[in-house]
Amino acid sequence: MSSQKKTITRVIESPQPHWVGDGFFVRPLFADLAFQREISPFLMLDYAAPARFPPSDTPPGVGPHPHKGFETVTIVYDGEVEHRDSTGAIGCIGPGEVQWMTAGSGIVHEEFHSRAAARRGGVVSMSQLWVNLPSRDKSATPRYQDIPGKSIPEVSVGGGVVRVIAGEFAGQRGPASTFTPVQVWDMRLKAGDKTTLTLGEGDTALLPVLQGRVRLNGEREIAASRLVMFSHAGEEIEVEALDDAILLLLGGEPIDEPVAAYGPFVMNTQDEIRQAIADYRAGKMGSL
């Protein structure tokens with residue numbers, strides 16, 4: 001018996017890009033869906049398309065800022081991004097590499113182009129996904145997962161690949177450790193490549209198209225800088241690349257809890273948000 005397809009429920013063209021600090025010119029691909037329960041367990045996604053930066057002795061980026069109650073997933077396509085946080089973790093990720101940071105009970109971090117890359121100048125491109133944590137894990141000890149490219153399984157799809165960062169695709173399991181069932185697949189397809197993605201019945205399924213054009217379920221063409229949202233019902237999504245394309249598959253078991261978000265804090269209630277702000281101001285999330 002064949003599986004039922006997940007049907008397209010919404011296609012969103014991303015708003016105009018904006019600067020995050022002076023290092024990342026990003027499109028907020030979730031647009032008005034950001035922080036809404038219908039896309040749980042995901043919260044938001046910023047995509048910085050390839051942009052060329054001149055050589056500089058001062059690395060562009062984002063200075064120290066806090067997070068609490070969720071996780072950030074940073075995927076680099078071009079350039080290098082350096083991370084430093086209040087747990088003492090320091091890392092530098094380049095093309096094809098991933099940083100998975102659990103803010104949990106609270107963390108302060110900064111993100112800049114690497115010093116070496118800034119001195120050289122060149123193209124930088126990356127995406128950053130925010131993944132919610134259930135209430136039971138919002139006080140988890142902060143941690144940092146540095147995921148090198150060589151540790152990410154690749155499944156060939158025609159001339160392209162699906163890189164399994166989290167979850168499982170075609171028998172390959174991603175290296176990221178997650179608190180709830182989550183699928184994050186970095187898809188680099190060549191024109192003409194076709195594949196079927198299988199997700200859980202009832203799971204959230206989102207497909208941000210970062211570059212190129214694709215045809216989904218054999219019927220609808222989607223251009224770049226768009227987010228495709230699918231039904232929770234069904235299990236399969238058919239993808240055909242019409243151009244060379246870069247996209248993400250984001251799937252996951254919904255967290256059936258209220259979302260209270262304010263800036264860098266994501267909790268369940270406004271009282272918890274106020275407490276998070278007080279904790280940060282009192283230095284309880286550490287410092288750099």
# chains A, B, ... in the order shown; residues from 1 in each chain; ligands from 1
$ residues_around --residues "Gly96 (chain A)" --least-positions-apart "3" --cutoff "8 Å" --atoms "only C-alpha atoms" --output "list in words"
Ile75, Val76, Tyr77, Pro148 and Gly149 of chain A
$ residues_around --residues "region 154-166 of chain A" --least-positions-apart "2" --cutoff "10 Å" --atoms "only C-alpha atoms" --output "JSON, numbers by chain"
{"A": [73, 75, 96, 97, 98, 100, 147, 149, 150, 151, 152, 168, 169, 170, 171, 172, 173, 174, 175, 176, 177, 178, 181, 182, 183, 184, 185, 186, 187, 188, 189, 190, 191, 192, 193, 194, 195, 196, 241, 244, 245, 246, 247, 248, 249, 250, 251]}
$ write_last_selection --atoms "N, CA and C atoms" --output "tab-separated table (two decimals), in the first residue's frame"
chain	number	residue	atom	x	y	z
A	73	VAL	N	20.64	26.34	15.06
A	73	VAL	CA	21.35	25.46	14.15
A	73	VAL	C	21.90	26.32	13.01
A	75	ILE	N	24.20	26.56	9.62
A	75	ILE	CA	24.78	25.80	8.51
A	75	ILE	C	25.52	26.78	7.62
A	96	GLY	N	29.79	23.54	4.55
A	96	GLY	CA	29.30	22.20	4.79
A	96	GLY	C	29.27	21.80	6.25
A	97	GLU	N	29.72	22.68	7.13
A	97	GLU	CA	29.77	22.35	8.56
A	97	GLU	C	28.62	23.01	9.31
A	98	VAL	N	28.35	22.48	10.51
A	98	VAL	CA	27.16	22.86	11.26
A	98	VAL	C	27.52	23.09	12.72
A	100	TRP	N	25.39	23.31	16.28
A	100	TRP	CA	24.07	23.10	16.91
A	100	TRP	C	24.22	23.51	18.37
A	147	ILE	N	29.64	20.16	14.45
A	147	ILE	CA	29.40	19.03	13.55
A	147	ILE	C	30.20	19.24	12.27
A	149	GLY	N	31.82	18.61	8.57
A	149	GLY	CA	31.20	18.10	7.36
A	149	GLY	C	31.42	16.61	7.16
A	150	LYS	N	32.60	16.11	7.54
A	150	LYS	CA	32.91	14.69	7.31
A	150	LYS	C	32.05	13.76	8.16
A	151	SER	N	31.40	14.30	9.21
A	151	SER	CA	30.57	13.46	10.07
A	151	SER	C	29.11	13.42	9.61
A	152	ILE	N	28.77	14.20	8.56
A	152	ILE	CA	27.39	14.28	8.08
A	152	ILE	C	27.20	13.29	6.93
A	168	GLU	N	16.79	10.87	10.11
A	168	GLU	CA	17.21	9.75	9.27
A	168	GLU	C	16.61	9.86	7.88
A	169	PHE	N	17.45	9.63	6.88
A	169	PHE	CA	17.02	9.62	5.48
A	169	PHE	C	17.70	8.46	4.77
A	170	ALA	N	16.91	7.64	4.09
A	170	ALA	CA	17.43	6.52	3.30
A	170	ALA	C	18.40	5.65	4.11
A	171	GLY	N	18.06	5.42	5.37
A	171	GLY	CA	18.87	4.55	6.22
A	171	GLY	C	20.09	5.20	6.83
A	172	GLN	N	20.31	6.49	6.54
A	172	GLN	CA	21.44	7.21	7.11
A	172	GLN	C	20.97	8.14	8.22
A	173	ARG	N	21.62	8.06	9.38
A	173	ARG	CA	21.21	8.86	10.53
A	173	ARG	C	22.19	10.01	10.75
A	174	GLY	N	21.65	11.20	10.98
A	174	GLY	CA	22.47	12.38	11.19
A	174	GLY	C	23.13	12.38	12.56
A	175	PRO	N	24.23	13.12	12.70
A	175	PRO	CA	24.99	13.12	13.95
A	175	PRO	C	24.44	14.02	15.05
A	176	ALA	N	23.53	14.94	14.72
A	176	ALA	CA	23.05	15.88	15.73
A	176	ALA	C	22.20	15.17	16.78
A	177	SER	N	22.44	15.51	18.04
A	177	SER	CA	21.63	15.02	19.15
A	177	SER	C	20.52	16.02	19.41
A	178	THR	N	19.26	15.55	19.45
A	178	THR	CA	18.12	16.45	19.61
A	178	THR	C	17.26	16.03	20.79
A	181	PRO	N	12.03	14.46	18.37
A	181	PRO	CA	12.32	13.96	17.03
A	181	PRO	C	12.31	15.08	15.99
A	182	VAL	N	13.46	15.30	15.36
A	182	VAL	CA	13.63	16.38	14.38
A	182	VAL	C	14.39	15.85	13.18
A	183	GLN	N	13.97	16.28	11.98
A	183	GLN	CA	14.68	15.98	10.75
A	183	GLN	C	15.21	17.29	10.17
A	184	VAL	N	16.51	17.36	9.94
A	184	VAL	CA	17.12	18.51	9.26
A	184	VAL	C	18.02	17.94	8.17
A	185	TRP	N	17.60	18.12	6.90
A	185	TRP	CA	18.34	17.57	5.77
A	185	TRP	C	18.76	18.71	4.86
A	186	ASP	N	20.06	18.81	4.62
A	186	ASP	CA	20.65	19.82	3.74
A	186	ASP	C	20.70	19.23	2.34
A	187	MET	N	19.88	19.75	1.42
A	187	MET	CA	19.72	19.15	0.11
A	187	MET	C	20.41	20.02	-0.95
A	188	ARG	N	21.36	19.41	-1.69
A	188	ARG	CA	22.08	20.09	-2.77
A	188	ARG	C	21.79	19.29	-4.05
A	189	LEU	N	20.81	19.73	-4.83
A	189	LEU	CA	20.36	18.95	-5.98
A	189	LEU	C	20.81	19.59	-7.29
A	190	LYS	N	21.03	18.75	-8.30
A	190	LYS	CA	21.33	19.20	-9.65
A	190	LYS	C	20.04	19.17	-10.48
A	191	ALA	N	19.99	20.02	-11.49
A	191	ALA	CA	18.81	20.06	-12.36
A	191	ALA	C	18.48	18.66	-12.87
A	192	GLY	N	17.23	18.27	-12.70
A	192	GLY	CA	16.79	16.95	-13.14
A	192	GLY	C	16.76	15.90	-12.05
A	193	ASP	N	17.43	16.16	-10.92
A	193	ASP	CA	17.41	15.20	-9.82
A	193	ASP	C	15.99	15.07	-9.25
A	194	LYS	N	15.62	13.83	-8.92
A	194	LYS	CA	14.31	13.57	-8.31
A	194	LYS	C	14.50	12.69	-7.08
A	195	THR	N	13.69	12.93	-6.06
A	195	THR	CA	13.73	12.07	-4.87
A	195	THR	C	12.39	12.15	-4.16
A	196	THR	N	12.12	11.15	-3.33
A	196	THR	CA	10.93	11.15	-2.48
A	196	THR	C	11.38	11.21	-1.03
A	241	ALA	N	14.26	18.74	-8.96
A	241	ALA	CA	15.00	19.98	-9.16
A	241	ALA	C	14.88	20.41	-10.62
A	244	ASP	N	19.77	23.70	-10.71
A	244	ASP	CA	20.59	23.37	-9.55
A	244	ASP	C	19.97	24.09	-8.35
A	245	ALA	N	19.76	23.36	-7.27
A	245	ALA	CA	18.99	23.92	-6.16
A	245	ALA	C	19.60	23.57	-4.81
A	246	ILE	N	19.43	24.48	-3.87
A	246	ILE	CA	19.78	24.24	-2.47
A	246	ILE	C	18.52	24.44	-1.65
A	247	LEU	N	18.16	23.46	-0.85
A	247	LEU	CA	16.98	23.57	0.00
A	247	LEU	C	17.21	22.80	1.28
A	248	LEU	N	16.33	23.04	2.24
A	248	LEU	CA	16.36	22.32	3.50
A	248	LEU	C	15.05	21.58	3.66
A	249	LEU	N	15.13	20.38	4.20
A	249	LEU	CA	13.91	19.70	4.64
A	249	LEU	C	13.90	19.77	6.15
A	250	LEU	N	12.84	20.33	6.70
A	250	LEU	CA	12.68	20.46	8.15
A	250	LEU	C	11.43	19.69	8.55
A	251	GLY	N	11.60	18.63	9.31
A	251	GLY	CA	10.48	17.82	9.76
A	251	GLY	C	10.60	17.59	11.25
$ residues_around --residues "Leu133 (chain A)" --least-positions-apart "4" --cutoff "6 Å" --atoms "only C-alpha atoms" --output "number ranges by chain"
A: 70, 137-138
$ residues_around --residues "region 78-94 of chain A" --least-positions-apart "3" --cutoff "9 Å" --atoms "only C-alpha atoms" --output "PyMOL selection string"
chain A and resi 50+61+64+74-75+97-99+107-118+121-126+142-144+146-149+285-288
$ write_last_selection --atoms "N, CA, C and O atoms" --output "CSV table (one decimal), in the first residue's frame"
chain,number,residue,atom,x,y,z
A,50,PRO,N,24.5,34.2,-0.8
A,50,PRO,CA,25.9,34.5,-1.0
A,50,PRO,C,26.2,36.0,-1.2
A,50,PRO,O,25.5,36.6,-2.0
A,61,GLY,N,30.1,40.7,12.0
A,61,GLY,CA,29.3,39.7,12.7
A,61,GLY,C,28.3,40.3,13.7
A,61,GLY,O,27.9,41.4,13.6
A,64,PRO,N,28.1,40.0,21.5
A,64,PRO,CA,27.5,39.2,22.6
A,64,PRO,C,26.0,39.5,22.8
A,64,PRO,O,25.6,40.6,22.9
A,74,THR,N,23.2,26.4,12.9
A,74,THR,CA,23.9,27.3,11.9
A,74,THR,C,24.6,26.4,10.9
A,74,THR,O,25.4,25.5,11.3
A,75,ILE,N,24.2,26.6,9.6
A,75,ILE,CA,24.8,25.8,8.5
A,75,ILE,C,25.5,26.8,7.6
A,75,ILE,O,24.9,27.8,7.2
A,97,GLU,N,29.7,22.7,7.1
A,97,GLU,CA,29.8,22.4,8.6
A,97,GLU,C,28.6,23.0,9.3
A,97,GLU,O,28.0,24.0,8.8
A,98,VAL,N,28.3,22.5,10.5
A,98,VAL,CA,27.2,22.9,11.3
A,98,VAL,C,27.5,23.1,12.7
A,98,VAL,O,28.3,22.4,13.3
A,99,GLN,N,26.9,24.1,13.3
A,99,GLN,CA,27.0,24.3,14.7
A,99,GLN,C,25.6,24.2,15.3
A,99,GLN,O,24.6,24.9,14.8
A,107,ILE,N,22.3,31.3,27.8
A,107,ILE,CA,23.7,31.4,27.3
A,107,ILE,C,23.9,32.7,26.7
A,107,ILE,O,22.9,33.4,26.2
A,108,VAL,N,25.1,33.2,26.7
A,108,VAL,CA,25.5,34.4,26.0
A,108,VAL,C,26.5,34.0,24.9
A,108,VAL,O,27.5,33.3,25.3
A,109,HIS,N,26.3,34.4,23.7
A,109,HIS,CA,27.3,34.1,22.7
A,109,HIS,C,27.5,35.2,21.6
A,109,HIS,O,26.7,36.2,21.6
A,110,GLU,N,28.5,35.0,20.8
A,110,GLU,CA,28.7,35.9,19.7
A,110,GLU,C,29.1,35.1,18.4
A,110,GLU,O,29.6,34.0,18.5
A,111,GLU,N,28.8,35.7,17.3
A,111,GLU,CA,29.1,35.1,16.0
A,111,GLU,C,29.7,36.1,15.1
A,111,GLU,O,29.1,37.1,14.8
A,112,PHE,N,30.9,35.8,14.5
A,112,PHE,CA,31.6,36.6,13.6
A,112,PHE,C,32.1,35.8,12.4
A,112,PHE,O,32.3,34.6,12.6
A,113,HIS,N,32.4,36.5,11.3
A,113,HIS,CA,33.2,35.9,10.3
A,113,HIS,C,34.5,35.5,11.0
A,113,HIS,O,35.0,36.3,11.8
A,114,SER,N,35.1,34.4,10.6
A,114,SER,CA,36.4,34.1,11.2
A,114,SER,C,37.5,35.2,10.9
A,114,SER,O,37.4,35.9,9.8
A,115,ARG,N,38.4,35.3,11.8
A,115,ARG,CA,39.4,36.4,11.5
A,115,ARG,C,40.2,36.2,10.2
A,115,ARG,O,40.5,37.1,9.5
A,116,ALA,N,40.5,34.9,10.0
A,116,ALA,CA,41.3,34.6,8.7
A,116,ALA,C,40.4,34.9,7.5
A,116,ALA,O,40.9,35.5,6.5
A,117,ALA,N,39.2,34.5,7.5
A,117,ALA,CA,38.3,34.8,6.4
A,117,ALA,C,38.1,36.3,6.2
A,117,ALA,O,38.0,36.7,5.1
A,118,ALA,N,37.9,37.0,7.3
A,118,ALA,CA,37.7,38.4,7.2
A,118,ALA,C,38.9,39.1,6.6
A,118,ALA,O,38.8,40.0,5.7
A,121,GLY,N,38.8,38.4,2.9
A,121,GLY,CA,37.6,38.8,2.2
A,121,GLY,C,37.0,37.7,1.4
A,121,GLY,O,37.6,36.6,1.3
A,122,GLY,N,35.8,37.9,0.8
A,122,GLY,CA,35.2,36.8,0.0
A,122,GLY,C,33.8,36.6,0.3
A,122,GLY,O,33.1,37.4,1.0
A,123,VAL,N,33.2,35.5,-0.2
A,123,VAL,CA,31.8,35.3,-0.2
A,123,VAL,C,31.4,34.6,1.1
A,123,VAL,O,32.1,33.6,1.6
A,124,VAL,N,30.3,35.0,1.8
A,124,VAL,CA,29.8,34.4,2.9
A,124,VAL,C,28.3,34.0,2.7
A,124,VAL,O,27.6,34.9,2.2
A,125,SER,N,27.9,32.8,3.0
A,125,SER,CA,26.5,32.4,2.9
A,125,SER,C,26.3,31.4,4.0
A,125,SER,O,27.1,30.5,4.2
A,126,MET,N,25.1,31.5,4.7
A,126,MET,CA,24.8,30.6,5.8
A,126,MET,C,23.3,30.7,6.1
A,126,MET,O,22.6,31.5,5.6
A,142,PRO,N,23.2,24.4,29.0
A,142,PRO,CA,23.6,24.8,27.6
A,142,PRO,C,24.8,23.9,27.1
A,142,PRO,O,25.6,23.5,27.9
A,143,ARG,N,24.8,23.7,25.8
A,143,ARG,CA,25.8,22.9,25.2
A,143,ARG,C,26.0,23.3,23.7
A,143,ARG,O,25.2,24.0,23.2
A,144,TYR,N,27.1,22.9,23.2
A,144,TYR,CA,27.5,23.3,21.8
A,144,TYR,C,27.9,22.0,21.1
A,144,TYR,O,28.8,21.3,21.5
A,146,ASP,N,29.6,20.8,17.7
A,146,ASP,CA,30.4,21.2,16.5
A,146,ASP,C,30.3,20.0,15.6
A,146,ASP,O,30.8,18.9,15.9
A,147,ILE,N,29.6,20.2,14.4
A,147,ILE,CA,29.4,19.0,13.6
A,147,ILE,C,30.2,19.2,12.3
A,147,ILE,O,29.8,20.0,11.4
A,148,PRO,N,31.4,18.6,12.2
A,148,PRO,CA,32.2,18.8,10.9
A,148,PRO,C,31.5,18.1,9.7
A,148,PRO,O,30.7,17.2,9.9
A,149,GLY,N,31.8,18.6,8.6
A,149,GLY,CA,31.2,18.1,7.4
A,149,GLY,C,31.4,16.6,7.2
A,149,GLY,O,30.5,15.9,6.7
A,285,MET,N,23.2,34.2,33.1
A,285,MET,CA,23.5,33.4,31.9
A,285,MET,C,24.9,33.5,31.5
A,285,MET,O,25.3,33.0,30.4
A,286,GLY,N,25.7,34.1,32.4
A,286,GLY,CA,27.2,34.2,32.1
A,286,GLY,C,27.5,35.3,31.3
A,286,GLY,O,26.7,36.2,30.9
A,287,SER,N,28.8,35.4,30.9
A,287,SER,CA,29.3,36.5,30.1
A,287,SER,C,30.5,36.1,29.3
A,287,SER,O,31.0,35.0,29.5
A,288,LEU,N,30.9,36.9,28.3
A,288,LEU,CA,32.1,36.6,27.5
A,288,LEU,C,33.2,37.4,28.0
A,288,LEU,O,33.1,38.6,28.4
$ closest_residue --among "A:Pro15, A:Asp203, A:Pro208, A:Val20" --to "Asp32 (chain A)" --atoms "only C-alpha atoms"
A:Pro15
$ closest_residue --among "A:Thr204, A:Thr198, A:Thr180, A:Thr7" --to "His232 (chain A)" --atoms "only C-alpha atoms"
A:Thr204
$ atom_distance --atom1 "CA of Pro55 (chain A)" --atom2 "CA of Leu129 (chain A)"
27.6 Å
$ atom_distance --atom1 "CA of Ala49 (chain A)" --atom2 "CA of Gly218 (chain A)"
27.1 Å
$ closest_residue --among "A:Pro264, A:Pro134, A:Pro17, A:Gly63" --to "Tyr280 (chain A)" --atoms "only C-alpha atoms"
A:Pro264
$ closest_residue --among "A:Gly212, A:Ser40, A:Gln4, A:Leu199" --to "Gly234 (chain A)" --atoms "only C-alpha atoms"
A:Gln4
$ residues_around --residues "Arg226 (chain A)" --least-positions-apart "4" --cutoff "7 Å" --atoms "only C-alpha atoms" --output "PDB file with N, CA, C and O atoms, in the first residue's frame"
ATOM      1  N   VAL A  11       2.464  28.466   0.563  1.00  0.00           N
ATOM      2  CA  VAL A  11       3.760  28.871   0.019  1.00  0.00           C
ATOM      3  C   VAL A  11       3.951  30.343   0.340  1.00  0.00           C
ATOM      4  O   VAL A  11       3.096  31.172   0.005  1.00  0.00           O
ATOM      5  N   ILE A  12       5.065  30.649   0.998  1.00  0.00           N
ATOM      6  CA  ILE A  12       5.314  32.018   1.448  1.00  0.00           C
ATOM      7  C   ILE A  12       6.567  32.554   0.769  1.00  0.00           C
ATOM      8  O   ILE A  12       7.629  31.929   0.826  1.00  0.00           O
ATOM      9  N   GLU A  13       6.445  33.720   0.126  1.00  0.00           N
ATOM     10  CA  GLU A  13       7.622  34.402  -0.400  1.00  0.00           C
ATOM     11  C   GLU A  13       8.238  35.208   0.729  1.00  0.00           C
ATOM     12  O   GLU A  13       7.532  35.926   1.456  1.00  0.00           O
ATOM     13  N   SER A  14       9.543  35.095   0.904  1.00  0.00           N
ATOM     14  CA  SER A  14      10.170  35.717   2.073  1.00  0.00           C
ATOM     15  C   SER A  14      10.149  37.239   1.958  1.00  0.00           C
ATOM     16  O   SER A  14      10.176  37.795   0.853  1.00  0.00           O
ATOM     17  N   LEU A  29      12.908  33.562   6.306  1.00  0.00           N
ATOM     18  CA  LEU A  29      12.120  32.733   5.397  1.00  0.00           C
ATOM     19  C   LEU A  29      10.782  32.274   5.984  1.00  0.00           C
ATOM     20  O   LEU A  29       9.879  31.917   5.235  1.00  0.00           O
ATOM     21  N   PRO A 208      12.114  24.990   2.939  1.00  0.00           N
ATOM     22  CA  PRO A 208      12.615  26.269   2.452  1.00  0.00           C
ATOM     23  C   PRO A 208      13.472  26.053   1.203  1.00  0.00           C
ATOM     24  O   PRO A 208      14.398  25.239   1.217  1.00  0.00           O
ATOM     25  N   VAL A 209      13.146  26.776   0.124  1.00  0.00           N
ATOM     26  CA  VAL A 209      13.930  26.711  -1.110  1.00  0.00           C
ATOM     27  C   VAL A 209      14.875  27.912  -1.094  1.00  0.00           C
ATOM     28  O   VAL A 209      14.445  29.062  -1.198  1.00  0.00           O
TER      29      VAL A 209
END
$ residues_around --residues "Glu235 (chain A)" --least-positions-apart "2" --cutoff "8 Å" --atoms "only C-alpha atoms" --output "ChimeraX atom specification"
/A:3-6,198-201,233,237
